[in-house]
Structure formats: structure tokens, C-alpha cells
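Enquirer: Below is the file coords_6.tsv, with TSV, C-alpha atoms and all ligand atoms.
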```tsv
chain	number	residue	atom	x	y	z
A	1	MET	CA	7.18	-0.65	12.21
A	2	HIS	CA	10.66	-2.00	12.83
A	3	PHE	CA	12.73	-4.10	10.44
A	4	ASP	CA	15.83	-6.05	11.45
A	5	VAL	CA	17.80	-6.93	8.34
A	6	PHE	CA	20.57	-9.54	8.41
A	7	THR	CA	23.08	-9.22	5.58
A	8	LEU	CA	26.70	-9.67	4.58
A	9	PHE	CA	26.57	-6.38	2.64
A	10	PRO	CA	25.17	-3.58	4.82
A	11	GLY	CA	26.43	-0.93	2.38
A	12	ILE	CA	23.74	-1.86	-0.15
A	13	PHE	CA	21.10	-0.35	2.14
A	14	GLU	CA	22.74	3.05	2.51
A	15	GLY	CA	21.27	4.88	-0.48
A	16	PRO	CA	17.71	3.53	-0.68
A	17	LEU	CA	16.88	4.10	2.98
A	18	GLN	CA	18.16	7.67	2.91
A	19	GLU	CA	16.03	9.10	0.14
A	20	SER	CA	12.47	10.26	-0.41
A	21	ILE	CA	9.60	8.45	1.29
A	22	LEU	CA	11.65	5.82	3.15
A	23	LYS	CA	13.75	8.60	4.61
A	24	ARG	CA	10.69	10.63	5.58
A	25	ALA	CA	8.95	7.61	7.15
A	26	GLN	CA	11.97	7.16	9.41
A	27	GLU	CA	12.02	10.85	10.33
A	28	MET	CA	8.29	10.63	11.17
A	29	GLY	CA	8.97	7.67	13.45
A	30	ARG	CA	6.76	5.33	11.40
A	31	LEU	CA	9.67	3.22	10.17
A	32	SER	CA	12.94	2.10	11.69
A	33	VAL	CA	15.42	-0.22	10.05
A	34	ALA	CA	18.39	-1.83	11.79
A	35	ILE	CA	20.96	-3.38	9.47
A	36	HIS	CA	22.94	-6.19	11.12
A	37	ASN	CA	26.14	-7.52	9.61
A	38	ILE	CA	26.12	-11.32	9.83
A	39	ARG	CA	29.92	-11.25	9.62
A	40	ASP	CA	30.05	-9.66	13.10
A	41	TYR	CA	28.64	-12.91	14.50
A	42	ALA	CA	31.23	-15.23	12.94
A	43	THR	CA	33.46	-16.38	15.76
A	44	ASP	CA	36.54	-17.72	13.95
A	45	LYS	CA	39.64	-15.64	13.30
A	46	HIS	CA	38.75	-14.84	9.70
A	47	HIS	CA	35.04	-14.20	10.37
A	48	THR	CA	34.04	-16.88	7.89
A	49	THR	CA	30.40	-16.77	6.86
A	50	ASP	CA	30.37	-19.20	3.93
A	51	ASP	CA	31.76	-22.64	3.19
A	52	TYR	CA	31.87	-25.32	0.51
A	53	PRO	CA	28.69	-27.36	-0.05
A	54	TYR	CA	28.60	-30.89	1.34
A	55	GLY	CA	28.31	-33.28	-1.57
A	56	GLY	CA	30.31	-31.04	-3.87
A	57	GLY	CA	29.10	-28.91	-6.72
A	58	GLY	CA	29.81	-25.28	-7.45
A	59	GLY	CA	29.30	-22.20	-5.34
A	60	MET	CA	29.42	-21.47	-1.63
A	61	VAL	CA	26.80	-21.86	1.08
A	62	MET	CA	26.16	-19.42	3.93
A	63	LYS	CA	27.06	-21.09	7.22
A	64	PRO	CA	24.23	-21.56	9.72
A	65	ASP	CA	26.05	-20.61	12.95
A	66	PRO	CA	26.63	-16.85	12.31
A	67	ILE	CA	23.06	-16.44	11.03
A	68	PHE	CA	21.49	-18.18	14.05
A	69	ALA	CA	23.75	-16.20	16.41
A	70	ALA	CA	22.88	-12.88	14.77
A	71	VAL	CA	19.12	-13.41	14.72
A	72	GLU	CA	18.99	-14.84	18.24
A	73	ASP	CA	21.15	-12.08	19.67
A	74	VAL	CA	19.23	-9.25	18.01
A	75	LEU	CA	15.71	-10.57	18.57
A	76	GLY	CA	16.23	-12.14	21.99
A	77	MET	CA	12.86	-12.80	23.63
A	78	ALA	CA	11.10	-11.33	20.58
A	79	LEU	CA	12.22	-14.31	18.53
A	80	THR	CA	9.05	-16.22	19.38
A	81	THR	CA	6.73	-13.42	18.22
A	82	THR	CA	8.63	-11.88	15.29
A	83	PRO	CA	8.27	-13.30	11.76
A	84	VAL	CA	11.69	-14.22	10.37
A	85	ILE	CA	11.60	-13.93	6.60
A	86	LEU	CA	14.14	-15.49	4.28
A	87	THR	CA	14.43	-13.87	0.88
A	88	SER	CA	14.49	-16.73	-1.59
A	89	PRO	CA	13.52	-17.43	-5.19
A	90	GLN	CA	11.88	-20.54	-3.72
A	91	GLY	CA	9.56	-18.58	-1.42
A	92	ARG	CA	5.94	-17.55	-1.87
A	93	LEU	CA	5.58	-14.85	-4.50
A	94	PHE	CA	5.44	-11.40	-2.95
A	95	ASN	CA	2.39	-9.33	-3.83
A	96	GLN	CA	0.30	-6.44	-2.53
A	97	ALA	CA	-1.80	-8.70	-0.29
A	98	ILE	CA	1.37	-9.97	1.43
A	99	ALA	CA	2.58	-6.35	1.77
A	100	TRP	CA	-0.70	-5.48	3.58
A	101	GLU	CA	-0.30	-8.56	5.77
A	102	MET	CA	3.24	-7.53	6.71
A	103	ALA	CA	2.19	-3.92	7.36
A	104	GLN	CA	0.07	-5.19	10.28
A	105	GLN	CA	3.19	-6.40	12.10
A	106	ALA	CA	5.11	-4.26	14.56
A	107	ARG	CA	8.42	-5.94	13.79
A	108	LEU	CA	9.85	-8.12	11.02
A	109	ALA	CA	13.23	-9.75	10.55
A	110	ILE	CA	14.61	-10.34	7.06
A	111	ILE	CA	17.56	-12.58	6.22
A	112	CYS	CA	19.38	-11.79	2.96
A	113	GLY	CA	20.89	-14.82	1.29
A	114	ARG	CA	24.00	-14.72	-0.91
A	115	TYR	CA	25.96	-17.19	-3.04
A	116	GLU	CA	24.09	-20.51	-3.47
A	117	SER	CA	21.88	-19.59	-0.49
A	118	VAL	CA	21.80	-20.37	3.23
A	119	ASP	CA	22.42	-23.75	4.87
A	120	GLU	CA	19.11	-25.61	4.77
A	121	ARG	CA	18.91	-25.70	8.59
A	122	VAL	CA	18.40	-21.92	8.62
A	123	ARG	CA	15.34	-22.44	6.46
A	124	GLN	CA	14.12	-25.35	8.59
A	125	PHE	CA	14.71	-24.15	12.13
A	126	LEU	CA	15.02	-20.37	12.16
A	127	VAL	CA	12.92	-18.97	9.36
A	128	THR	CA	9.13	-18.65	9.62
A	129	ASP	CA	8.41	-17.43	6.09
A	130	GLN	CA	10.15	-17.42	2.71
A	131	VAL	CA	9.43	-14.72	0.18
A	132	SER	CA	10.40	-14.39	-3.47
A	133	ILE	CA	10.05	-11.13	-5.37
A	134	GLY	CA	9.70	-12.84	-8.74
A	135	ASP	CA	10.60	-15.81	-10.87
A	136	TYR	CA	14.19	-14.84	-11.55
A	137	VAL	CA	17.43	-15.24	-9.61
A	138	LEU	CA	19.38	-12.33	-8.15
A	139	THR	CA	22.87	-12.30	-6.66
A	140	GLY	CA	21.55	-11.66	-3.15
A	141	GLY	CA	18.57	-10.97	-0.92
A	142	GLU	CA	19.39	-7.31	-0.28
A	143	LEU	CA	17.36	-5.88	-3.16
A	144	PRO	CA	14.41	-8.17	-2.30
A	145	ALA	CA	14.62	-6.98	1.33
A	146	LEU	CA	14.47	-3.38	0.12
A	147	VAL	CA	11.51	-4.23	-2.10
A	148	LEU	CA	9.64	-5.62	0.92
A	149	ILE	CA	10.54	-2.64	3.12
A	150	ASP	CA	9.52	-0.18	0.41
A	151	ALA	CA	6.20	-1.83	-0.43
A	152	VAL	CA	5.26	-2.20	3.25
A	153	THR	CA	6.35	1.30	4.29
A	154	ARG	CA	4.07	3.08	1.84
A	155	LEU	CA	1.12	1.26	3.45
A	156	LEU	CA	1.93	2.48	6.97
A	157	PRO	CA	-0.40	5.18	8.36
A	158	ASP	CA	0.42	8.77	7.28
A	159	VAL	CA	3.51	7.81	5.29
A	160	LEU	CA	2.05	8.88	1.95
A	161	GLY	CA	0.31	11.90	3.38
A	162	ASP	CA	-2.94	11.30	1.50
A	163	ALA	CA	-4.81	8.56	3.37
A	164	GLY	CA	-6.67	7.50	0.21
A	165	ALA	CA	-3.60	7.32	-1.99
A	166	THR	CA	-3.01	3.59	-1.58
A	167	LEU	CA	-6.62	2.51	-2.00
A	168	ASP	CA	-6.69	2.88	-5.79
A	169	ASP	CA	-3.19	1.56	-6.30
A	170	SER	CA	-2.70	-1.22	-8.78
A	171	HIS	CA	-3.15	-4.67	-7.19
A	172	THR	CA	-5.04	-3.33	-4.16
A	173	ASN	CA	-8.46	-4.26	-5.58
A	174	SER	CA	-7.17	-6.76	-8.12
A	175	LEU	CA	-7.33	-3.98	-10.72
A	176	LEU	CA	-4.55	-1.96	-12.30
A	177	GLU	CA	-4.85	1.72	-11.52
A	178	TYR	CA	-6.34	4.24	-13.98
A	179	PRO	CA	-4.01	6.56	-15.98
A	180	HIS	CA	-2.68	9.78	-14.46
A	181	TYR	CA	-2.25	13.18	-16.09
A	182	THR	CA	-0.86	16.49	-14.87
A	183	ARG	CA	-0.24	19.90	-16.45
A	184	PRO	CA	0.05	20.96	-19.24
A	185	ALA	CA	-3.49	20.28	-20.48
A	186	GLU	CA	-2.05	19.78	-23.95
A	187	PHE	CA	1.44	18.38	-24.51
A	188	ARG	CA	2.85	18.22	-28.05
A	189	GLY	CA	-0.63	18.15	-29.44
A	190	HIS	CA	-1.83	15.41	-27.06
A	191	PRO	CA	-4.67	16.65	-24.84
A	192	VAL	CA	-5.64	15.42	-21.39
A	193	PRO	CA	-9.05	13.66	-21.54
A	194	ASP	CA	-11.82	16.30	-21.26
A	195	VAL	CA	-13.56	14.58	-18.36
A	196	LEU	CA	-10.57	15.16	-16.07
A	197	LEU	CA	-10.83	18.93	-16.66
A	198	SER	CA	-14.59	18.98	-16.13
A	199	GLY	CA	-14.55	19.20	-12.34
A	200	HIS	CA	-17.42	16.69	-12.34
A	201	HIS	CA	-16.34	14.29	-9.59
A	202	ALA	CA	-18.85	11.52	-10.25
A	203	GLU	CA	-18.01	11.50	-13.97
A	204	ILE	CA	-14.29	11.44	-13.20
A	205	ALA	CA	-14.73	8.53	-10.78
A	206	ARG	CA	-16.76	6.64	-13.39
A	207	TRP	CA	-14.17	7.30	-16.12
A	208	ARG	CA	-11.32	6.18	-13.86
A	209	ARG	CA	-13.09	3.01	-12.87
A	210	ARG	CA	-13.72	2.14	-16.51
A	211	GLN	CA	-10.13	2.90	-17.43
A	212	ALA	CA	-8.97	0.64	-14.61
A	213	LEU	CA	-11.25	-2.13	-15.84
A	214	GLN	CA	-10.17	-1.69	-19.44
A	215	ARG	CA	-6.44	-1.73	-18.85
A	216	THR	CA	-6.68	-4.65	-16.45
A	217	TRP	CA	-8.67	-6.51	-19.08
A	218	GLU	CA	-6.07	-5.65	-21.74
A	219	ARG	CA	-2.89	-6.19	-19.73
A	220	ARG	CA	-3.66	-8.52	-16.83
A	221	PRO	CA	-6.95	-10.35	-17.45
A	222	ASP	CA	-5.81	-12.97	-14.89
A	223	LEU	CA	-6.44	-10.39	-12.13
A	224	LEU	CA	-10.12	-9.94	-13.00
A	225	ASP	CA	-11.08	-13.31	-11.56
A	226	ARG	CA	-10.40	-11.95	-8.07
A	227	ALA	CA	-11.81	-8.43	-8.58
A	228	GLU	CA	-15.04	-7.41	-6.90
A	229	LEU	CA	-17.16	-6.05	-9.74
A	230	SER	CA	-20.75	-4.85	-10.02
A	231	PRO	CA	-23.07	-6.43	-12.62
A	232	GLN	CA	-22.70	-3.24	-14.72
A	233	GLU	CA	-18.93	-3.58	-14.58
A	234	ARG	CA	-19.13	-7.21	-15.63
A	235	GLN	CA	-21.28	-6.08	-18.52
A	236	TYR	CA	-18.72	-3.43	-19.48
A	237	LEU	CA	-16.07	-6.14	-19.62
A	238	GLU	CA	-18.32	-8.21	-21.85
A	239	GLU	CA	-18.65	-5.19	-24.13
A	240	LEU	CA	-14.88	-4.91	-24.24
A	241	ALA	CA	-14.67	-8.56	-25.16
A	242	GLY	CA	-17.25	-7.92	-27.90
A	243	ALA	CA	-15.25	-4.91	-29.12
A	244	ASP	CA	-12.27	-7.17	-29.43
A	245	GLU	CA	-14.22	-9.09	-32.03
A	246	GLY	CA	-14.80	-6.02	-34.18
A	247	ASN	CA	-17.19	-3.66	-32.35
A	248	LEU	CA	-15.95	-0.50	-30.65
A	249	PRO	CA	-16.36	-0.20	-26.87
A	250	ARG	CA	-18.89	2.30	-25.54
A	251	ASP	CA	-16.90	5.08	-23.82
A	301	LIG	N1	20.77	-21.29	-5.60
A	301	LIG	C1	19.58	-20.62	-5.16
A	301	LIG	C2	19.55	-19.16	-5.57
A	301	LIG	C3	20.57	-18.34	-4.84
A	301	LIG	S1	20.49	-16.65	-5.23
A	301	LIG	C4	18.36	-21.32	-5.78
A	301	LIG	O1	18.47	-21.80	-6.89
A	301	LIG	O2	17.29	-21.34	-5.16
A	301	LIG	C5	21.26	-15.94	-3.81
A	301	LIG	C6	20.33	-15.28	-2.82
A	301	LIG	O3	19.68	-14.18	-3.45
A	301	LIG	C7	19.21	-16.15	-2.30
A	301	LIG	O4	19.62	-16.89	-1.18
A	301	LIG	C8	18.14	-15.14	-1.93
A	301	LIG	O5	18.35	-14.62	-0.63
A	301	LIG	C9	18.38	-14.02	-2.93
A	301	LIG	N2	17.44	-14.07	-4.07
A	301	LIG	C10	17.74	-14.34	-5.36
A	301	LIG	N3	16.67	-14.27	-6.15
A	301	LIG	C11	15.64	-13.92	-5.36
A	301	LIG	C12	14.24	-13.69	-5.59
A	301	LIG	N4	13.70	-13.80	-6.79
A	301	LIG	N5	13.48	-13.34	-4.53
A	301	LIG	C13	14.00	-13.23	-3.30
A	301	LIG	N6	15.31	-13.45	-3.01
A	301	LIG	C14	16.12	-13.78	-4.03
```
Translate this structure into C-alpha cells?

Expert:
Amino acid sequence: MHFDVFTLFPGIFEGPLQESILKRAQEMGRLSVAIHNIRDYATDKHHTTDDYPYGGGGGMVMKPDPIFAAVEDVLGMALTTTPVILTSPQGRLFNQAIAWEMAQQARLAIICGRYESVDERVRQFLVTDQVSIGDYVLTGGELPALVLIDAVTRLLPDVLGDAGATLDDSHTNSLLEYPHYTRPAEFRGHPVPDVLLSGHHAEIARWRRRQALQRTWERRPDLLDRAELSPQERQYLEELAGADEGNLPRD
């Protein structure tokens, strides 16, 4: 999977891409990231990349010409087949389903906005998709680009080592993941649940599934509408709802 990132601040990418799993994915040849400085494509003497907004008002707007030149030069013929994503608080909300969708691509381009954002013609005539990482406003699209790269990379084959590791992840099946424990078996008087020490795989799987259901029901009940649940699991949720009204849930 190859990412072309277009930014005015390439330095922001230095740390995150050189540590841990993103670093290893690049060493394995699963991931490559090319950071392109939009400023290199500004043709005037001062390499201007932003300008005052037409119509007045505060802030600066990223000029269209260096962005078009950068993306067209880097992608070349691939421009017609490569999704060009603009990071934007006005885009569709990024989630795990979109990360899976992106992980199917061989190549993605990401444009990082700054200041008030990019000239609207970039959005209209260059970009094929706009993605927001949440309903808040950041100073630039670099952190959102890294969020996309990170979320997509851990879905690429072999990157996490354990092929099953992503299947239980929160948001993969519209459920939050079950709780995790590691040694010691007792920490400051707080024991690990017995079932996890039992070695009984079916019981452990059942316990984890119920924990996932319970915490999704408690923390993100909105997700349950989309979850694929068995009749028994639906019944368990009804029991939880009953417990909420005074009864204790069956464990
Ligand atoms: N004035 C703009 C916000 C500009 S924020 C507006 O109100 O829509 C500057 C840049 O940061 C944006 O162009 C975008 O690239 C990036 N950005 C800020 N918040 C973001 C978010 N939640 N998701 C994705 N990108 C974001």
C-alpha cells in the first residue's frame, strides 16, 4: 500500500512513521509513504502557498495552483485511478469501515489542509473524497492523515503478525472489544477473572463475547443497531436492560 501525502509541513510526519508498527510495516514492504512538500510546487519567487480570501474575512486560504501541480506531477497517469482524499472537518466521518475500504486500495493520495482550508476548486476538481476524523477543528490535516495511515496500516496483511488480531477489534463487528488482562494474576488485590485462567477456550470465548456485548450496551448502545447478534445474544441484552431496572444480570 502506498500513500502520497501532500503537506506544507513534512516535518510533522518524521516521528510517527519511524516508530513501532508503522516503521515495521515499511521495513516489511507492506507500507510506503511519500511526503511531498506543496511549497516545492509554488512557482513564484517566494514560494507562496496561501493568500487572502476573496470577499474578505480572517485567515488565509491555500492557493489551488501549487496543490494541483503537486498532485498532478506526483500521480501522473495514476491520477485517474488513485483516490485523492482531502482531510477536512466537513468530510465524511472516518470509521473502521472506511479504514477497511481504504485498505483494499493499492495507492491513496492525501491532501493536508492548513489555515482556513484549501481553495474550493481543489475540493471541486481535484479531490475525490473528503474525510473528517471527528467533529472538532484542528490546525491542519497532518494529524488526520497520520490517523488514516495508522488505522489502514494495521489492517494490511501480516502487519500485526497475528492474522486474527484485528477481527475482534472494537468497531469491526459493531461491538467494542472485550477487556484484556495480562500477568500478574492478582494486582494490588484485584484478580484476573477466573475464566481467563481456566484454559477452557469455549468458556473464554463465551465470556469475551458477553463482555463485548455488555460494554457496548453500557458505553455505545448506538452501535448495537448494526451488530449481527444471535437470538441468545439479543436475549442477553434484554436481560441487561432488565438488570438496569433493578435485577442483576446473569453472568
Ligand atoms: N475553516 C475550516 C477548518 C480549517 S482547519 C472549516 O471550518 O471547515 C485547517 C485544516 O485542518 C483543514 O483544511 C483540514 O485539512 C484539517 N482539519 C481540521 N480539522 C479536521 C478534522 N476534524 N478532520 C480532518 N481534517 C481536519

Enquirer: Suppose you want the space between atom C12 of ligand LIG 301 (chain A) and atom CA of Leu93 of chain A; what is it in Å?

Expert: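 Atom CA of Leu93 of chain A lies 8.8 Å from atom C12 of ligand LIG 301 (chain A).
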
Enquirer: Hey, which residues sit close to ligand LIG 301 (chain A)? Say within 7 Å, counting only C-alpha atoms and all ligand atoms, and write them as number ranges by chain.

Expert: A: 86-90, 112-118, 131-141, 144

Enquirer: Considering only C-alpha atoms, state which residue in the set A:Arg92, A:Leu196, A:Glu27, A:Glu203 is at the smallest distance from Arg183 of chain A.

Expert: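 Answer, going by the shortest atom-to-atom distance: A:Leu196.
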
Enquirer: Please measure the separation of atom CA of Ala106 of chain A and atom CA of Thr81 of chain A, giving the value in Å to one decimal.

Expert: 10.0 Å

Enquirer: Env of Thr82 of chain A: 12 Å cut, atoms = all atoms listed in the file, seq-sep filter 6 positions within chain, self excluded. Answer as JSON, numbers by chain.

Expert: {"A": [1, 2, 3, 4, 71, 72, 74, 75, 76, 102, 104, 105, 106, 107, 108, 109, 110, 126, 127, 128, 129]}

Enquirer: Can you pull out every residue within 8 Å of Ile35 of chain A, counting all atoms listed in the file, but drop anything in the same chain fewer than 2 positions away, and send it as a list in words?

Expert: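 Neighbouring residues, sequence-local ones excluded: Asp4, Val5, Phe6, Thr7, Pro10, Phe13, Val33 and Asn37 of chain A.
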
Enquirer: Env of segment 189-194 of chain A: 12 Å cut, atoms = all atoms listed in the file, seq-sep filter 6 positions within chain, self excluded. Answer as a PyMOL selection string.

Expert: chain A and resi 179-183+200+203-204+207-208+211+251

Enquirer: For segment 101-202 of chain A versus segment 223-246 of chain A, which residues have an atom no more than 10 Å away, and what is each residue's nearest atom pair and distance in Å rounded to one decimal, using all atoms listed in the file, chain-then-number order, as a tab-separated table?

Expert:
```
residue	atom	partner	partner_atom	distance
A:His171	CA	A:Leu223	CA	8.2
A:Thr172	CA	A:Ala227	CA	9.6
A:Asn173	CA	A:Ala227	CA	6.1
A:Ser174	CA	A:Ala227	CA	5.0
A:Leu175	CA	A:Leu223	CA	6.6
A:Leu176	CA	A:Leu223	CA	8.6
```

Enquirer: Which one of A:Ala97, A:Val122, A:Leu17, A:Ala69 sits closest to Ala34 of chain A if you count all atoms listed in the file?

Expert: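 Distance minimum relative to Ala34 of chain A lands on A:Leu17.
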
Enquirer: Figure out the distance between atom CA of Ser32 of chain A and atom CA of Asp169 of chain A, please, to one decimal in Å.

Expert: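 Separation between atom CA of Asp169 of chain A and atom CA of Ser32 of chain A: 24.2 Å.
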
Enquirer: Taking only C-alpha atoms into account, which of A:Met28, A:Leu160, A:Leu213, A:Ile67 comes nearest Thr43 of chain A?

Expert: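 Smallest separation from Thr43 of chain A among the options: A:Ile67.
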
Enquirer: Of the candidates A:Ala205, A:Leu22, A:Leu167, A:Ile38, which shows the shortest atom-to-atom distance to Leu148 of chain A, using all atoms listed in the file?

Expert: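 Among the listed residues, A:Leu22 lies closest to Leu148 of chain A.
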
Enquirer: Leaving out segment 49-54 of chain A and any residue of its chain fewer than 6 positions from it, which residues lie within 7 Å of it when counting only C-alpha atoms, given as a short mmCIF file (atom, residue, chain, number, x, y, z; two decimals) with C-alpha atoms, in the frame of the given file?

Expert:
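Everything below was put into out-v4.cif:
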```cif
data_model
loop_
_atom_site.label_atom_id
_atom_site.label_comp_id
_atom_site.auth_asym_id
_atom_site.auth_seq_id
_atom_site.Cartn_x
_atom_site.Cartn_y
_atom_site.Cartn_z
CA ARG A 39 29.92 -11.25 9.62
CA ALA A 42 31.23 -15.23 12.94
CA MET A 60 29.42 -21.47 -1.63
CA VAL A 61 26.80 -21.86 1.08
CA MET A 62 26.16 -19.42 3.93
CA LYS A 63 27.06 -21.09 7.22
CA PRO A 66 26.63 -16.85 12.31
#
```

Enquirer: Choose the residue, out of A:Ala99, A:Tyr178, A:Pro16, A:Gln124, that has the smallest atom-to-atom separation from Arg215 of chain A; count only C-alpha atoms.

Expert: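 Looking only at the distances to Arg215 of chain A, the closest residue turns out to be A:Tyr178.
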
Enquirer: Near Arg30 of chain A, within 8 Å and counting only C-alpha atoms, which residues show up once chain neighbours fewer than 5 positions away are dropped, as a ChimeraX atom specification?

Expert: /A:1,25,156-157,159

Enquirer: Hey, which of A:Val152, A:Val195, A:Ile111, A:Ala165 ends up closest to Pro83 of chain A? Count only C-alpha atoms.

Expert: A:Ile111

Enquirer: Limit the output to N, CA, C and O atoms and give segment 158-180 of chain A as an mmCIF file, in the first residue's frame.

Expert:
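Output file part-v1.cif follows:
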```
data_model
loop_
_atom_site.group_PDB
_atom_site.id
_atom_site.type_symbol
_atom_site.label_atom_id
_atom_site.label_comp_id
_atom_site.auth_asym_id
_atom_site.auth_seq_id
_atom_site.Cartn_x
_atom_site.Cartn_y
_atom_site.Cartn_z
ATOM 1 N N ASP A 158 -0.446 -9.274 7.402
ATOM 2 C CA ASP A 158 0.800 -9.590 8.139
ATOM 3 C C ASP A 158 1.323 -8.467 9.034
ATOM 4 O O ASP A 158 2.251 -8.680 9.800
ATOM 5 N N VAL A 159 0.766 -7.274 8.933
ATOM 6 C CA VAL A 159 1.366 -6.151 9.659
ATOM 7 C C VAL A 159 1.302 -6.365 11.170
ATOM 8 O O VAL A 159 2.234 -6.056 11.893
ATOM 9 N N LEU A 160 0.194 -6.919 11.658
ATOM 10 C CA LEU A 160 0.082 -7.137 13.100
ATOM 11 C C LEU A 160 0.610 -8.501 13.529
ATOM 12 O O LEU A 160 0.554 -8.841 14.696
ATOM 13 N N GLY A 161 1.100 -9.274 12.593
ATOM 14 C CA GLY A 161 1.631 -10.578 12.973
ATOM 15 C C GLY A 161 0.531 -11.609 13.134
ATOM 16 O O GLY A 161 0.437 -12.548 12.369
ATOM 17 N N ASP A 162 -0.365 -11.405 14.092
ATOM 18 C CA ASP A 162 -1.455 -12.343 14.341
ATOM 19 C C ASP A 162 -2.621 -12.019 13.413
ATOM 20 O O ASP A 162 -3.240 -10.968 13.529
ATOM 21 N N ALA A 163 -2.912 -12.934 12.484
ATOM 22 C CA ALA A 163 -3.920 -12.659 11.457
ATOM 23 C C ALA A 163 -5.299 -12.378 12.051
ATOM 24 O O ALA A 163 -6.112 -11.667 11.486
ATOM 25 N N GLY A 164 -5.576 -12.951 13.245
ATOM 26 C CA GLY A 164 -6.891 -12.773 13.850
ATOM 27 C C GLY A 164 -7.003 -11.510 14.684
ATOM 28 O O GLY A 164 -8.089 -11.149 15.126
ATOM 29 N N ALA A 165 -5.882 -10.837 14.892
ATOM 30 C CA ALA A 165 -5.860 -9.751 15.881
ATOM 31 C C ALA A 165 -6.847 -8.633 15.582
ATOM 32 O O ALA A 165 -7.379 -8.021 16.504
ATOM 33 N N THR A 166 -7.111 -8.358 14.316
ATOM 34 C CA THR A 166 -7.991 -7.232 14.004
ATOM 35 C C THR A 166 -9.466 -7.624 13.999
ATOM 36 O O THR A 166 -10.324 -6.755 13.995
ATOM 37 N N LEU A 167 -9.743 -8.937 14.005
ATOM 38 C CA LEU A 167 -11.136 -9.344 13.830
ATOM 39 C C LEU A 167 -12.013 -8.994 15.029
ATOM 40 O O LEU A 167 -13.193 -8.713 14.882
ATOM 41 N N ASP A 168 -11.433 -9.046 16.233
ATOM 42 C CA ASP A 168 -12.200 -8.734 17.438
ATOM 43 C C ASP A 168 -12.118 -7.260 17.818
ATOM 44 O O ASP A 168 -12.745 -6.828 18.773
ATOM 45 N N ASP A 169 -11.314 -6.505 17.104
ATOM 46 C CA ASP A 169 -11.131 -5.104 17.466
ATOM 47 C C ASP A 169 -12.460 -4.386 17.610
ATOM 48 O O ASP A 169 -13.418 -4.681 16.891
ATOM 49 N N SER A 170 -12.458 -3.401 18.486
ATOM 50 C CA SER A 170 -13.633 -2.547 18.611
ATOM 51 C C SER A 170 -13.994 -1.981 17.238
ATOM 52 O O SER A 170 -13.106 -1.668 16.443
ATOM 53 N N HIS A 171 -15.267 -1.876 16.961
ATOM 54 C CA HIS A 171 -15.811 -1.277 15.736
ATOM 55 C C HIS A 171 -15.728 -2.175 14.506
ATOM 56 O O HIS A 171 -16.234 -1.823 13.454
ATOM 57 N N THR A 172 -15.079 -3.357 14.628
ATOM 58 C CA THR A 172 -15.014 -4.230 13.465
ATOM 59 C C THR A 172 -16.351 -4.938 13.264
ATOM 60 O O THR A 172 -16.831 -5.067 12.150
ATOM 61 N N ASN A 173 -16.963 -5.378 14.375
ATOM 62 C CA ASN A 173 -18.275 -6.039 14.271
ATOM 63 C C ASN A 173 -19.359 -5.200 14.920
ATOM 64 O O ASN A 173 -20.322 -5.734 15.464
ATOM 65 N N SER A 174 -19.177 -3.910 14.919
ATOM 66 C CA SER A 174 -20.103 -3.003 15.602
ATOM 67 C C SER A 174 -20.200 -3.300 17.098
ATOM 68 O O SER A 174 -21.206 -2.999 17.720
ATOM 69 N N LEU A 175 -19.164 -3.922 17.656
ATOM 70 C CA LEU A 175 -19.111 -4.129 19.110
ATOM 71 C C LEU A 175 -17.777 -3.583 19.606
ATOM 72 O O LEU A 175 -16.775 -3.628 18.887
ATOM 73 N N LEU A 176 -17.766 -3.099 20.842
ATOM 74 C CA LEU A 176 -16.496 -2.755 21.467
ATOM 75 C C LEU A 176 -15.818 -4.051 21.900
ATOM 76 O O LEU A 176 -16.493 -5.025 22.233
ATOM 77 N N GLU A 177 -14.510 -4.053 21.912
ATOM 78 C CA GLU A 177 -13.809 -5.289 22.245
ATOM 79 C C GLU A 177 -13.891 -5.579 23.743
ATOM 80 O O GLU A 177 -14.024 -4.670 24.562
ATOM 81 N N TYR A 178 -13.792 -6.874 24.085
ATOM 82 C CA TYR A 178 -13.788 -7.342 25.475
ATOM 83 C C TYR A 178 -12.548 -6.812 26.214
ATOM 84 O O TYR A 178 -11.573 -6.408 25.584
ATOM 85 N N PRO A 179 -12.549 -6.867 27.571
ATOM 86 C CA PRO A 179 -11.377 -6.385 28.317
ATOM 87 C C PRO A 179 -10.184 -7.336 28.224
ATOM 88 O O PRO A 179 -10.370 -8.540 28.016
ATOM 89 N N HIS A 180 -9.007 -6.775 28.359
ATOM 90 C CA HIS A 180 -7.765 -7.556 28.290
ATOM 91 C C HIS A 180 -7.081 -7.571 29.649
ATOM 92 O O HIS A 180 -7.110 -6.573 30.370
#
```
